[in-house]
>>> print(open('protein.cif').read())   # mmCIF, C-alpha atoms
data_model
loop_
_atom_site.label_atom_id
_atom_site.label_comp_id
_atom_site.auth_asym_id
_atom_site.auth_seq_id
_atom_site.Cartn_x
_atom_site.Cartn_y
_atom_site.Cartn_z
CA VAL D 418 108.73 94.96 25.37
CA GLY D 419 110.20 97.09 28.14
CA THR D 420 110.15 100.31 26.13
CA LEU D 421 109.57 101.38 22.54
CA SER D 422 112.67 103.60 22.54
CA GLY D 423 116.40 103.00 22.66
CA PRO D 424 118.86 100.90 20.65
CA PHE D 425 117.97 97.52 22.21
CA PHE D 426 114.30 96.86 21.53
CA GLY D 427 114.22 98.61 18.14
CA PRO D 428 116.48 96.09 16.34
CA MET D 429 114.67 93.22 18.07
CA MET D 430 111.23 94.41 16.92
CA GLN D 431 112.51 95.18 13.43
CA SER D 432 113.86 91.66 12.95
CA ILE D 433 110.60 90.16 14.27
CA GLU D 434 108.51 92.27 11.92
CA SER D 435 110.76 91.47 8.94
CA VAL D 436 110.10 87.75 9.33
CA LEU D 437 106.37 88.10 10.02
CA ARG D 438 105.66 90.48 7.13
CA LYS D 439 107.09 87.96 4.66
CA GLU D 440 104.36 85.59 5.87
CA GLY D 441 101.60 88.20 5.64
CA GLN D 442 101.53 88.83 9.39
CA HIS D 443 101.74 92.15 11.23
CA LEU D 444 103.44 93.11 14.46
CA ILE D 445 101.54 94.92 17.23
CA ALA D 446 103.90 96.32 19.87
CA THR D 447 103.20 97.68 23.34
CA SER D 448 105.41 98.38 26.35
CA GLY D 449 105.36 97.43 30.01
CA HIS D 450 108.11 99.77 31.30
CA ASP D 451 109.28 97.06 33.74
CA ASN D 452 106.20 97.81 35.85
CA ILE D 453 104.09 94.83 36.84
CA GLU D 454 100.71 96.54 36.39
CA GLN D 455 101.70 98.01 33.03
CA GLU D 456 103.00 94.62 31.88
CA ARG D 457 99.71 92.98 32.86
CA GLU D 458 97.73 95.76 31.17
CA ALA D 459 99.76 95.36 27.97
CA ILE D 460 99.02 91.63 27.91
CA ARG D 461 95.31 92.26 28.49
CA PHE D 462 95.36 94.72 25.58
CA LEU D 463 97.01 92.21 23.24
CA ASN D 464 94.55 89.51 24.25
CA SER D 465 91.68 91.90 23.58
CA ARG D 466 92.95 92.30 20.01
CA ARG D 467 92.65 88.52 19.54
CA VAL D 468 96.26 88.26 18.39
CA ASP D 469 97.57 84.94 17.04
CA ALA D 470 100.54 84.85 19.42
CA ILE D 471 102.30 86.95 22.06
CA LEU D 472 106.03 87.53 22.51
CA LEU D 473 106.93 88.77 26.00
CA VAL D 474 110.00 90.70 27.09
CA VAL D 475 108.95 91.34 30.68
CA GLN D 476 110.90 91.82 33.89
CA ALA D 477 108.38 92.60 36.64
CA MET D 478 106.02 89.65 36.21
CA THR D 479 106.93 86.60 38.26
CA ASP D 480 107.78 83.18 36.88
CA ASP D 481 104.53 81.83 38.33
CA GLU D 482 102.49 84.42 36.44
CA LEU D 483 104.26 83.58 33.20
CA ILE D 484 103.73 79.85 33.76
CA GLU D 485 100.01 80.41 34.37
CA LEU D 486 99.74 82.62 31.29
CA CYS D 487 101.49 80.08 29.09
CA THR D 488 99.31 77.29 30.48
CA ARG D 489 96.21 79.18 29.33
CA ASN D 490 97.65 80.23 25.98
CA PRO D 491 99.84 77.84 23.95
CA ASN D 492 100.97 80.71 21.71
CA VAL D 493 102.86 82.78 24.30
CA PHE D 494 106.67 82.94 24.17
CA VAL D 495 109.22 84.51 26.51
CA LEU D 496 112.23 86.45 25.21
CA ASN D 497 115.44 87.40 27.04
CA ARG D 498 114.49 85.37 30.10
CA TYR D 499 114.69 81.73 31.12
CA VAL D 500 111.92 80.04 33.10
CA PRO D 501 112.75 76.32 33.64
CA GLU D 502 109.11 75.23 33.45
CA LEU D 503 108.76 77.08 30.13
CA ALA D 504 112.12 76.08 28.67
CA HIS D 505 110.51 75.04 25.37
CA ARG D 506 109.02 78.54 24.97
CA CYS D 507 112.02 80.66 25.99
CA ILE D 508 114.51 82.40 23.69
CA TYR D 509 117.23 83.76 25.92
CA LEU D 510 120.88 84.75 26.17
CA ASN D 511 123.44 83.04 28.37
CA ASN D 512 123.95 86.23 30.37
CA GLU D 513 125.98 84.53 33.05
CA LEU D 514 128.54 83.56 30.43
CA GLY D 515 128.56 87.14 29.15
CA GLY D 516 129.38 88.53 32.59
CA TYR D 517 132.08 85.91 32.95
CA LEU D 518 133.67 86.70 29.57
CA ALA D 519 133.73 90.44 30.30
CA THR D 520 135.41 89.94 33.67
CA LYS D 521 137.82 87.24 32.54
CA HIS D 522 139.03 89.53 29.75
CA LEU D 523 140.13 92.08 32.35
CA ILE D 524 141.65 89.37 34.53
CA ASP D 525 143.62 88.02 31.56
CA LEU D 526 144.98 91.54 31.01
CA GLY D 527 146.29 91.52 34.59
CA HIS D 528 143.55 93.39 36.46
CA THR D 529 142.73 92.23 39.98
CA ARG D 530 140.72 95.22 41.25
CA ILE D 531 137.67 95.06 39.00
CA ALA D 532 134.48 96.99 39.71
CA SER D 533 131.03 96.24 38.33
CA ILE D 534 128.22 98.71 37.62
CA THR D 535 125.26 96.40 37.17
CA GLY D 536 121.90 96.87 35.57
CA PRO D 537 118.85 97.02 37.90
CA LEU D 538 119.07 93.85 39.96
CA VAL D 539 115.33 93.31 39.79
CA HIS D 540 116.13 92.24 36.20
CA PHE D 541 116.99 88.61 35.70
CA ASP D 542 119.66 89.38 33.12
CA ALA D 543 121.39 91.89 35.44
CA ARG D 544 121.61 89.30 38.21
CA GLU D 545 122.92 86.69 35.81
CA ARG D 546 125.61 89.05 34.46
CA LEU D 547 126.69 89.83 38.03
CA GLN D 548 126.90 86.11 38.78
CA GLY D 549 129.15 85.66 35.76
CA TYR D 550 131.38 88.43 37.12
CA ARG D 551 131.58 86.63 40.46
CA ASN D 552 132.31 83.31 38.77
CA ALA D 553 135.30 84.78 36.92
CA LEU D 554 136.68 86.33 40.11
CA SER D 555 136.28 83.06 42.00
CA GLU D 556 137.97 81.08 39.25
CA ALA D 557 140.96 83.44 39.37
CA GLY D 558 141.16 83.38 43.17
CA ILE D 559 140.20 87.05 43.49
CA GLU D 560 138.11 87.92 46.53
CA TYR D 561 134.69 89.42 45.85
CA ASP D 562 134.45 92.94 47.27
CA PRO D 563 130.90 94.35 47.57
CA GLN D 564 132.37 97.87 47.74
CA LEU D 565 133.24 97.48 44.06
CA ILE D 566 129.60 96.83 43.10
CA VAL D 567 127.12 99.58 42.25
CA GLU D 568 123.61 99.08 40.87
CA GLY D 569 122.65 101.21 37.87
CA LEU D 570 119.92 101.40 35.25
CA TYR D 571 119.91 100.29 31.61
CA GLN D 572 118.45 103.48 30.13
CA GLU D 573 120.54 106.00 28.18
CA ASP D 574 121.45 108.04 31.27
CA GLY D 575 120.80 105.29 33.79
CA GLY D 576 124.42 104.75 34.69
CA THR D 577 125.30 108.37 35.45
CA LYS D 578 124.51 108.36 39.18
CA ALA D 579 125.82 104.82 39.62
CA ALA D 580 129.15 105.59 37.95
CA ALA D 581 129.51 108.76 40.00
CA LYS D 582 128.83 106.79 43.18
CA LEU D 583 131.54 104.26 42.33
CA PHE D 584 134.19 106.90 41.71
CA GLN D 585 133.15 108.90 44.79
CA ARG D 586 133.81 105.93 47.05
CA GLY D 587 137.51 106.56 46.65
CA ILE D 588 138.41 102.88 46.44
CA ASP D 589 141.09 101.51 44.16
CA PHE D 590 140.10 99.75 40.94
CA THR D 591 141.68 99.52 37.49
CA GLY D 592 138.84 97.99 35.47
CA VAL D 593 135.05 98.16 35.40
CA VAL D 594 132.52 95.74 33.95
CA CYS D 595 129.35 97.58 32.95
CA GLY D 596 125.83 96.15 32.85
CA ASN D 597 125.33 97.50 29.33
CA ASP D 598 126.88 99.93 26.85
CA ASN D 599 124.78 102.84 28.12
CA ILE D 600 126.36 102.46 31.55
CA ALA D 601 129.80 102.28 29.92
CA ILE D 602 129.13 105.67 28.30
CA SER D 603 128.55 107.11 31.79
CA VAL D 604 131.99 105.87 32.82
CA TYR D 605 133.47 107.44 29.68
CA ASP D 606 131.85 110.73 30.67
CA ILE D 607 133.28 110.72 34.20
CA LEU D 608 136.75 109.88 32.93
CA SER D 609 136.59 112.64 30.32
CA LYS D 610 135.80 115.21 33.02
CA ASP D 611 139.14 114.28 34.60
CA ASN D 612 140.82 114.51 31.19
CA GLU D 613 141.29 110.76 31.16
CA SER D 614 140.50 108.24 28.46
CA PRO D 615 139.30 104.66 29.01
CA ALA D 616 142.20 102.17 29.06
CA GLU D 617 144.69 104.80 30.31
CA ARG D 618 144.04 104.21 34.01
CA ILE D 619 140.64 102.49 34.04
CA SER D 620 139.71 99.80 31.51
CA VAL D 621 136.01 99.68 30.57
CA VAL D 622 133.93 96.75 29.26
CA GLY D 623 130.34 97.23 28.11
CA TYR D 624 127.56 94.77 27.32
CA ASP D 625 125.18 94.43 24.32
CA ASP D 626 127.50 95.70 21.53
CA MET D 627 125.14 98.50 20.54
CA PHE D 628 125.82 100.08 17.15
CA TYR D 629 127.43 103.14 18.70
CA SER D 630 130.02 101.16 20.68
CA ARG D 631 132.36 100.99 17.67
CA TYR D 632 132.10 104.76 17.14
CA LEU D 633 133.06 105.83 20.66
CA ARG D 634 136.64 106.97 21.18
CA PRO D 635 138.29 104.82 22.23
CA LYS D 636 136.12 102.13 20.66
CA LEU D 637 134.32 100.16 23.37
CA THR D 638 135.24 96.60 24.29
CA THR D 639 131.92 94.91 24.93
CA ILE D 640 129.91 91.69 24.97
CA HIS D 641 128.00 91.05 21.76
CA PHE D 642 124.31 90.32 22.28
CA PRO D 643 122.76 88.84 19.09
CA ILE D 644 119.58 90.90 19.44
CA GLU D 645 118.49 90.66 15.81
CA GLU D 646 119.04 86.90 15.85
CA MET D 647 116.88 86.60 18.96
CA GLY D 648 114.06 88.44 17.18
CA THR D 649 114.37 86.32 14.05
CA ILE D 650 114.31 83.08 16.04
CA ALA D 651 111.31 84.27 18.05
CA ALA D 652 109.31 85.18 14.94
CA ASN D 653 110.09 81.87 13.27
CA MET D 654 109.18 80.02 16.47
CA VAL D 655 105.78 81.74 16.50
CA LEU D 656 105.10 80.78 12.89
CA GLN D 657 106.27 77.22 13.49
CA ASN D 658 104.12 76.87 16.59
CA LEU D 659 101.04 78.10 14.75
CA ALA D 660 101.68 75.45 12.09
CA ASP D 661 102.64 72.56 14.41
CA LYS D 662 102.73 72.98 18.18
CA ASN D 663 104.73 69.76 18.64
CA LEU D 664 107.87 71.04 16.90
CA VAL D 665 108.73 74.06 19.07
CA ASN D 666 111.83 74.03 21.28
CA GLY D 667 113.41 76.84 23.29
CA VAL D 668 116.73 78.37 22.25
CA GLN D 669 119.69 79.62 24.27
CA LEU D 670 121.91 82.11 22.44
CA GLU D 671 125.59 82.54 23.27
CA PRO D 672 127.27 85.93 23.82
CA SER D 673 130.77 86.72 22.58
CA LEU D 674 133.53 89.12 23.60
CA VAL D 675 134.35 91.95 21.17
CA VAL D 676 137.75 93.39 22.05
CA ARG D 677 138.31 96.99 20.96
CA GLU D 678 140.29 99.87 22.46
CA SER D 679 138.79 100.60 25.91
CA THR D 680 140.72 97.85 27.71
CA ALA D 681 144.45 97.45 28.33
CA PRO D 682 146.76 95.98 30.98
CA PRO D 683 146.76 97.96 34.26
CA VAL D 684 149.30 100.72 34.64
CA SER D 685 152.16 99.59 36.85
#
>>> encode(input="protein.cif", output="structure tokens")
Amino acid sequence: VGTLSGPFFGPMMQSIESVLRKEGQHLIATSGHDNIEQEREAIRFLNSRRVDAILLVVQAMTDDELIELCTRNPNVFVLNRYVPELAHRCIYLNNELGGYLATKHLIDLGHTRIASITGPLVHFDARERLQGYRNALSEAGIEYDPQLIVEGLYQEDGGTKAAAKLFQRGIDFTGVVCGNDNIAISVYDILSKDNESPAERISVVGYDDMFYSRYLRPKLTTIHFPIEEMGTIAANMVLQNLADKNLVNGVQLEPSLVVRESTAPPVS
């Protein structure tokens, strides 16, 4: 996985382990930190332990590397990423749809000046979410403005500098689509420093539906990512593949919009 900390990978690993332990299997976890050499080293380590199967949540390794790896090892599976040549071994989210749903929600409320603070665009999911944002704008006849786009990071404080950069540009916007819920918290923080609350002047949409999103005030409108379901499906796919390699098929999961209190029609 990318990291062993944070609210994203923990639930995923927990659901994987829950399924495997019922079948007498154990989970060995290591992290690649989105660094290509560390991802390769982690895979070498797992191979050295003669594991039965490998689940990969990697961002830095190229599609070609993953294809070669899966060609050598029939028990390697890719999570949270889609590689066309490995479609039968991928368990991934329709991130483009998620970005579209987040943006369309703001458009339906009447917003036309909508910013986006993305995740790191070296990540496939961040690029897909941004494409969904662009699709929603195009569908509504709203011109894409690159000045409204800022690249952030997914980590807990990764959106702080990006959110500050967006507000410092001094351009008009009434809504912001965030690459994940951590980035949305950074927007909350900037608004609070100006004694503002999300949805008063700026509507905020997150992504992932982390457990804390319902406890923020106002509660965060976000895109639900079925993280636990992804882990459960991945673990069952591993077990199924070990039993019969001819029965495995990839799975695309669908995101959904969770409307809470951080979005409202723009102030006239």
>>> resolve_selection(input="protein.cif", expression="the PyMOL selection byres ((chain D and resi 651-666) around 12)", output="VMD selection string")
chain D and resid 429 to 444 468 to 474 490 to 497 503 to 509 644 to 650 667 to 670
>>> write_last_selection(input="protein.cif", atoms="C-alpha atoms", output="compact mmCIF listing (two decimals), keeping the file's coordinate frame")
# COMPACT_ATOMS: atom_id res chain seq x y z
CA MET D 429 114.67 93.22 18.07
CA MET D 430 111.23 94.41 16.92
CA GLN D 431 112.51 95.18 13.43
CA SER D 432 113.86 91.66 12.95
CA ILE D 433 110.60 90.16 14.27
CA GLU D 434 108.51 92.27 11.92
CA SER D 435 110.76 91.47 8.94
CA VAL D 436 110.10 87.75 9.33
CA LEU D 437 106.37 88.10 10.02
CA ARG D 438 105.66 90.48 7.13
CA LYS D 439 107.09 87.96 4.66
CA GLU D 440 104.36 85.59 5.87
CA GLY D 441 101.60 88.20 5.64
CA GLN D 442 101.53 88.83 9.39
CA HIS D 443 101.74 92.15 11.23
CA LEU D 444 103.44 93.11 14.46
CA VAL D 468 96.26 88.26 18.39
CA ASP D 469 97.57 84.94 17.04
CA ALA D 470 100.54 84.85 19.42
CA ILE D 471 102.30 86.95 22.06
CA LEU D 472 106.03 87.53 22.51
CA LEU D 473 106.93 88.77 26.00
CA VAL D 474 110.00 90.70 27.09
CA ASN D 490 97.65 80.23 25.98
CA PRO D 491 99.84 77.84 23.95
CA ASN D 492 100.97 80.71 21.71
CA VAL D 493 102.86 82.78 24.30
CA PHE D 494 106.67 82.94 24.17
CA VAL D 495 109.22 84.51 26.51
CA LEU D 496 112.23 86.45 25.21
CA ASN D 497 115.44 87.40 27.04
CA LEU D 503 108.76 77.08 30.13
CA ALA D 504 112.12 76.08 28.67
CA HIS D 505 110.51 75.04 25.37
CA ARG D 506 109.02 78.54 24.97
CA CYS D 507 112.02 80.66 25.99
CA ILE D 508 114.51 82.40 23.69
CA TYR D 509 117.23 83.76 25.92
CA ILE D 644 119.58 90.90 19.44
CA GLU D 645 118.49 90.66 15.81
CA GLU D 646 119.04 86.90 15.85
CA MET D 647 116.88 86.60 18.96
CA GLY D 648 114.06 88.44 17.18
CA THR D 649 114.37 86.32 14.05
CA ILE D 650 114.31 83.08 16.04
CA GLY D 667 113.41 76.84 23.29
CA VAL D 668 116.73 78.37 22.25
CA GLN D 669 119.69 79.62 24.27
CA LEU D 670 121.91 82.11 22.44
>>> atom_distance(input="protein.cif", atom1="atom CA of D:Asn552", atom2="atom CA of D:Gly623")
17.6 Å
>>> residues_around(input="protein.cif", residues="D:Ala553", least_positions_apart="6", cutoff="7 Å", atoms="only C-alpha atoms", output="number ranges by chain")
D: 517, 520-521
>>> write_last_selection(input="protein.cif", atoms="C-alpha atoms", output="JSON list (two decimals), in the coordinates of the input")
[["chain", "number", "residue", "atom", "x", "y", "z"],
["D", 517, "TYR", "CA", 132.08, 85.91, 32.95],
["D", 520, "THR", "CA", 135.41, 89.94, 33.67],
["D", 521, "LYS", "CA", 137.82, 87.24, 32.54]]
>>> atom_distance(input="protein.cif", atom1="atom CA of D:Leu510", atom2="atom CA of D:Gly576")
22.0 Å
>>> residues_around(input="protein.cif", residues="D:Ile484", least_positions_apart="4", cutoff="9 Å", atoms="all atoms listed in the file", output="CSV table (one decimal) with C-alpha atoms, in the coordinates of the input")
chain,number,residue,atom,x,y,z
D,479,THR,CA,106.9,86.6,38.3
D,480,ASP,CA,107.8,83.2,36.9
D,488,THR,CA,99.3,77.3,30.5
D,489,ARG,CA,96.2,79.2,29.3
D,500,VAL,CA,111.9,80.0,33.1
D,502,GLU,CA,109.1,75.2,33.4
D,503,LEU,CA,108.8,77.1,30.1
>>> axis_aligned_box(input="protein.cif", around="stretch 661-673 of chain D", padding_each_side="5 Å", output="AutoDock Vina command-line options")
--center_x 116.7 --center_y 78.2 --center_z 19.3 --size_x 38.1 --size_y 27.0 --size_z 19.9
>>> closest_residue(input="protein.cif", among="D:Ser448, D:Gln455, D:Gln564, D:Thr535", to="D:Gln548", atoms="all atoms listed in the file")
D:Thr535
